[in-house]
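Peer 1: Sending over a structure as structure tokens; questions will come in a sec.
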Amino acid sequence: MEIQKLNWAGIQLTSNNKTILIDAAEDFSYYKPVLGDAVEQVMKFSDYVLADYILFTHLHLDHFDKGVIKKCLKRDGKLIVYSELEALVRKLVDDVEIIFLNRDETFSENGITFKPVFAMDGIGEIQSSWIVEDETTKIFHGGDTIWHNQFWKLGKENENIDYAFLPVNGVVVNFEIIGLEYSPVPASLDLKEAMAAAHLLHAKKMIPIHYGLFAHEKCYIPQLFDDQDLKNVSKEIGQEYVILKDGEILVES
């Protein structure tokens with residue numbers, strides 16, 4: 001399996017000559033009032049990527065990009081969707097084949113297996129994490145989940161996870177502009193929580209996602225960290241990690 005990091009929480013997997021996109025987004029303009037401007041150039045991939053399968057953890061527009069679905073999904077491609085999102089997705093997407101899966105249900109095709117598993121969204125909306133595996137590699141994608149009490153169970157029930165893609169910006173959000181009361185409690189995993197979650201998942205390596213690209217002084221306030229923080233937390237928890245820049249392809253060591 002080839003693994004490439006895209007923008008923000010997005011990744012691209014290539015397995016058995018099939019391309020899989022998870023949380024692939026490149027148009028963040030709708031959320032500009034609360035996310036602010038991207039601090040780095042946003043990677044544009046939709047002009048050249050054609051996907052056989054597209055997955056998303058939830059419907060926030062920094063994870064679910066209708067433009068990517070329209071431009072990147074092959075004519076015979078499939079959306080693979082957590083069943084709790086069915087009613088909402090059917091209103092947003094049409095004229096494509098959709099596979100709906102219940103939590104912990106699997107779908108296998110072309111030597112690749114997909115499974116939605118428990119997640120907890122930071123503001124109470126519907127979210128799943130995803131496990132995708134082929135003959136050589138198993139990955140866990142955590143969207144922007146917060147800390148929850150199912151990481152122990154997930155680790156026991158899903159052995160041999162190679163890479164856990166987990167959010168690390170521990171962001172405090174103030175979305176009163178869209179009708180949500182302010183809370184100082186982070187709406188995604190922070191660095192230590194992500195390392196601990198990866199440890200409980202027994203992942204060989206944690207790969208940070210969902211950090212660095214956005215910050216807004218009033219509405220979207222992430223926790224910042226540096227390379228030394230990564231090393232310190234990794235050592236404290238006993239969890240290995242690897243950093244991928246946007247566009248970078250994972251080279252297994």
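Each chain in the structure tokens gets a letter, A, B and so on, in the order shown; residues start at 1 in every chain, and ligands are counted from 1 in the order they appear.
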Gly212 (chain A): which residues within 9 Å, counting only C-alpha atoms, same-chain residues fewer than 4 positions away excluded, as a list in words?
Peer 2: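 With the cut-off at 9 Å, the set is Trp8, Ala38, Val39, Glu40, Asn169, Pro222 and Leu224 of chain A.
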Peer 1: Could you give me, as a list in words, the residues within 10 Å of Leu85 (chain A), counting only C-alpha atoms and dropping anything in the same chain fewer than 6 positions from it?
Peer 2: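 So the residues in contact are Thr57, His58, Leu59, Phe100, Leu101, Asn102, Glu125, Ile126, Gln127 and Ser128 of chain A.
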Peer 1: Using C-alpha atoms, can you write the selected residues to a file as a PDB file, in the first residue's frame?
Peer 2:
```pdb
ATOM      1  CA  THR A  57     -15.223  10.473   8.570  1.00  0.00           C
ATOM      2  CA  HIS A  58     -17.975  13.099   8.842  1.00  0.00           C
ATOM      3  CA  LEU A  59     -19.654  15.931   6.974  1.00  0.00           C
ATOM      4  CA  PHE A 100     -23.365   2.141   3.338  1.00  0.00           C
ATOM      5  CA  LEU A 101     -21.764   0.264   6.220  1.00  0.00           C
ATOM      6  CA  ASN A 102     -22.898  -0.087   9.798  1.00  0.00           C
ATOM      7  CA  GLU A 125     -22.296  15.421  15.153  1.00  0.00           C
ATOM      8  CA  ILE A 126     -22.137  11.981  13.514  1.00  0.00           C
ATOM      9  CA  GLN A 127     -18.625  10.702  12.908  1.00  0.00           C
ATOM     10  CA  SER A 128     -16.831   7.416  12.396  1.00  0.00           C
TER      11      SER A 128
END
```
Peer 1: Please run DSSP on the backbone and report, as a PyMOL selection string, all residues within region 9-244 of chain A that come out as alpha helix (DSSP H).
Peer 2: chain A and resi 32-35+66-72+86-92+151-157+191-200+227-237
Peer 1: Between A:Leu154, A:Ile123, A:Leu21, A:Ile237, which is the closest to Lys78 (chain A) once you count only C-alpha atoms?
Peer 2: A:Leu21
Peer 1: Report as a ChimeraX atom specification all protein, DNA and RNA residues lying within 12 Å of Lys32 (chain A), evaluated on only C-alpha atoms, omitting residues in the same chain fewer than 3 positions from it.
Peer 2: /A:27-29,35-39,61-62,213-216,219-220
Peer 1: Give me a file of those residues, with N, CA, C and O atoms, as a short mmCIF file (atom, residue, chain, number, x, y, z; two decimals), in the first residue's frame.
Peer 2:
```
data_model
loop_
_atom_site.label_atom_id
_atom_site.label_comp_id
_atom_site.auth_asym_id
_atom_site.auth_seq_id
_atom_site.Cartn_x
_atom_site.Cartn_y
_atom_site.Cartn_z
N ASP A 27 -11.00 22.61 -0.95
CA ASP A 27 -11.72 23.88 -0.91
C ASP A 27 -12.21 24.14 0.51
O ASP A 27 -13.16 23.53 0.98
N PHE A 28 -11.51 25.03 1.19
CA PHE A 28 -11.85 25.36 2.58
C PHE A 28 -12.50 26.73 2.70
O PHE A 28 -12.64 27.26 3.80
N SER A 29 -12.91 27.30 1.58
CA SER A 29 -13.36 28.68 1.56
C SER A 29 -14.63 28.90 2.39
O SER A 29 -14.79 29.97 3.01
N LEU A 35 -12.21 29.39 10.34
CA LEU A 35 -10.88 28.78 10.28
C LEU A 35 -9.79 29.80 9.99
O LEU A 35 -8.62 29.61 10.32
N GLY A 36 -10.16 30.88 9.32
CA GLY A 36 -9.17 31.83 8.85
C GLY A 36 -8.57 31.37 7.54
O GLY A 36 -8.96 30.37 6.95
N ASP A 37 -7.57 32.12 7.07
CA ASP A 37 -6.87 31.75 5.85
C ASP A 37 -5.87 30.64 6.13
O ASP A 37 -5.26 30.59 7.21
N ALA A 38 -5.68 29.77 5.16
CA ALA A 38 -4.65 28.75 5.30
C ALA A 38 -3.29 29.42 5.42
O ALA A 38 -2.99 30.37 4.68
N VAL A 39 -2.47 28.94 6.34
CA VAL A 39 -1.16 29.56 6.57
C VAL A 39 -0.12 29.06 5.58
O VAL A 39 0.98 29.61 5.50
N LEU A 61 -17.07 20.43 6.37
CA LEU A 61 -16.59 20.67 5.02
C LEU A 61 -15.07 20.71 4.89
O LEU A 61 -14.55 20.77 3.77
N ASP A 62 -14.34 20.64 6.00
CA ASP A 62 -12.90 20.48 5.91
C ASP A 62 -12.51 19.00 5.84
O ASP A 62 -11.31 18.67 5.77
N LEU A 213 -2.45 23.98 9.51
CA LEU A 213 -2.90 24.72 8.33
C LEU A 213 -3.81 25.90 8.68
O LEU A 213 -3.83 26.90 7.97
N PHE A 214 -4.56 25.78 9.79
CA PHE A 214 -5.55 26.79 10.12
C PHE A 214 -5.47 27.23 11.57
O PHE A 214 -5.21 26.43 12.47
N ALA A 215 -5.71 28.53 11.78
CA ALA A 215 -5.86 29.10 13.12
C ALA A 215 -6.63 30.41 12.97
O ALA A 215 -6.47 31.13 11.99
N HIS A 216 -7.48 30.69 13.95
CA HIS A 216 -8.25 31.94 13.97
C HIS A 216 -8.25 32.41 15.42
O HIS A 216 -8.61 31.66 16.32
N CYS A 219 -12.03 32.24 16.76
CA CYS A 219 -12.94 31.11 16.53
C CYS A 219 -12.28 29.74 16.52
O CYS A 219 -12.95 28.74 16.80
N TYR A 220 -10.99 29.68 16.19
CA TYR A 220 -10.36 28.39 16.00
C TYR A 220 -8.94 28.46 16.54
O TYR A 220 -8.02 28.94 15.87
#
```
Peer 1: May I have the residues within 12 Å of Asp94 (chain A) as a short mmCIF file (atom, residue, chain, number, x, y, z; two decimals) with N, CA and C atoms, in the first residue's frame, using only C-alpha atoms and disregarding those fewer than 3 positions away in the same chain?
Peer 2:
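Saved result, out_37.cif, follows:
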```cif
data_model
loop_
_atom_site.label_atom_id
_atom_site.label_comp_id
_atom_site.auth_asym_id
_atom_site.auth_seq_id
_atom_site.Cartn_x
_atom_site.Cartn_y
_atom_site.Cartn_z
N LYS A 66 -17.49 18.19 -1.59
CA LYS A 66 -18.29 17.73 -2.72
C LYS A 66 -17.57 17.92 -4.05
N ILE A 69 -15.38 14.97 -4.68
CA ILE A 69 -16.18 13.81 -5.11
C ILE A 69 -16.54 13.95 -6.59
N LYS A 70 -16.98 15.13 -6.98
CA LYS A 70 -17.41 15.35 -8.35
C LYS A 70 -16.25 15.19 -9.34
N LYS A 78 -16.83 4.26 -6.11
CA LYS A 78 -17.81 4.10 -5.04
C LYS A 78 -17.49 5.05 -3.88
N LEU A 79 -18.54 5.66 -3.35
CA LEU A 79 -18.43 6.26 -2.03
C LEU A 79 -18.70 5.18 -1.00
N GLU A 86 -26.39 8.16 6.24
CA GLU A 86 -27.07 7.88 4.97
C GLU A 86 -28.06 8.97 4.58
N ALA A 87 -28.95 9.33 5.47
CA ALA A 87 -29.99 10.30 5.12
C ALA A 87 -29.38 11.63 4.67
N LEU A 88 -28.35 12.07 5.37
CA LEU A 88 -27.71 13.34 5.03
C LEU A 88 -26.95 13.24 3.72
N VAL A 89 -26.24 12.15 3.52
CA VAL A 89 -25.43 12.01 2.31
C VAL A 89 -26.32 11.91 1.07
N ARG A 90 -27.44 11.24 1.18
CA ARG A 90 -28.33 11.11 0.02
C ARG A 90 -28.88 12.47 -0.42
N LYS A 91 -28.95 13.41 0.51
CA LYS A 91 -29.40 14.76 0.15
C LYS A 91 -28.30 15.57 -0.51
N GLU A 97 -22.45 5.56 -7.03
CA GLU A 97 -22.72 4.35 -6.26
C GLU A 97 -22.22 4.55 -4.83
N ILE A 98 -23.06 4.23 -3.88
CA ILE A 98 -22.71 4.40 -2.47
C ILE A 98 -22.87 3.07 -1.74
#
```
Peer 1: Check the DSSP output for the backbone and give back, as a VMD selection string, the residues of region 201-231 of chain A in strand (DSSP E or B).
Peer 2: chain A and resid 205 to 209 216 220 to 221
Peer 1: Which residue, A:Val173, A:Asp144, A:Ser15, A:Glu217, has the smallest gap to Asp190 (chain A) when you use only C-alpha atoms?
Peer 2: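 For Asp190 (chain A), the nearest of the given residues is A:Asp144.
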Peer 1: To one decimal in Å, tell me the separation between CA of Leu166 (chain A) and CA of Gln150 (chain A).
Peer 2: 14.6 Å
Peer 1: Just give me the gap between CA of Ala203 (chain A) and CA of Val117 (chain A) in Å, one decimal is fine.
Peer 2: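 These atoms are spaced 15.4 Å apart.
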Peer 1: Mind checking which residues fall within 9 Å of Glu193 (chain A), counting only C-alpha atoms, ignoring those fewer than 2 positions away in the same chain, and posting them as number ranges by chain?
Peer 2: A: 146-147, 168, 170, 189-191, 195-198
Peer 1: Could you list, as a ChimeraX atom specification, every residue within 12 Å of Ile243 (chain A), counting only C-alpha atoms and ignoring same-chain residues fewer than 3 positions away?
Peer 2: /A:4-5,163-166,168,205-209,211,226-227,230-231,240,246-251
Peer 1: A:Leu200, A:Thr14, A:Ile221, A:Leu55: which is nearest Lys153 (chain A), counting only C-alpha atoms?
Peer 2: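 Checking each candidate against Lys153 (chain A), we get A:Leu200 as the closest.
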Peer 1: Report, in Å to a single decimal, how far apart CA of Phe151 (chain A) and CA of Asp229 (chain A) are.
Peer 2: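 It comes out at 22.8 Å.
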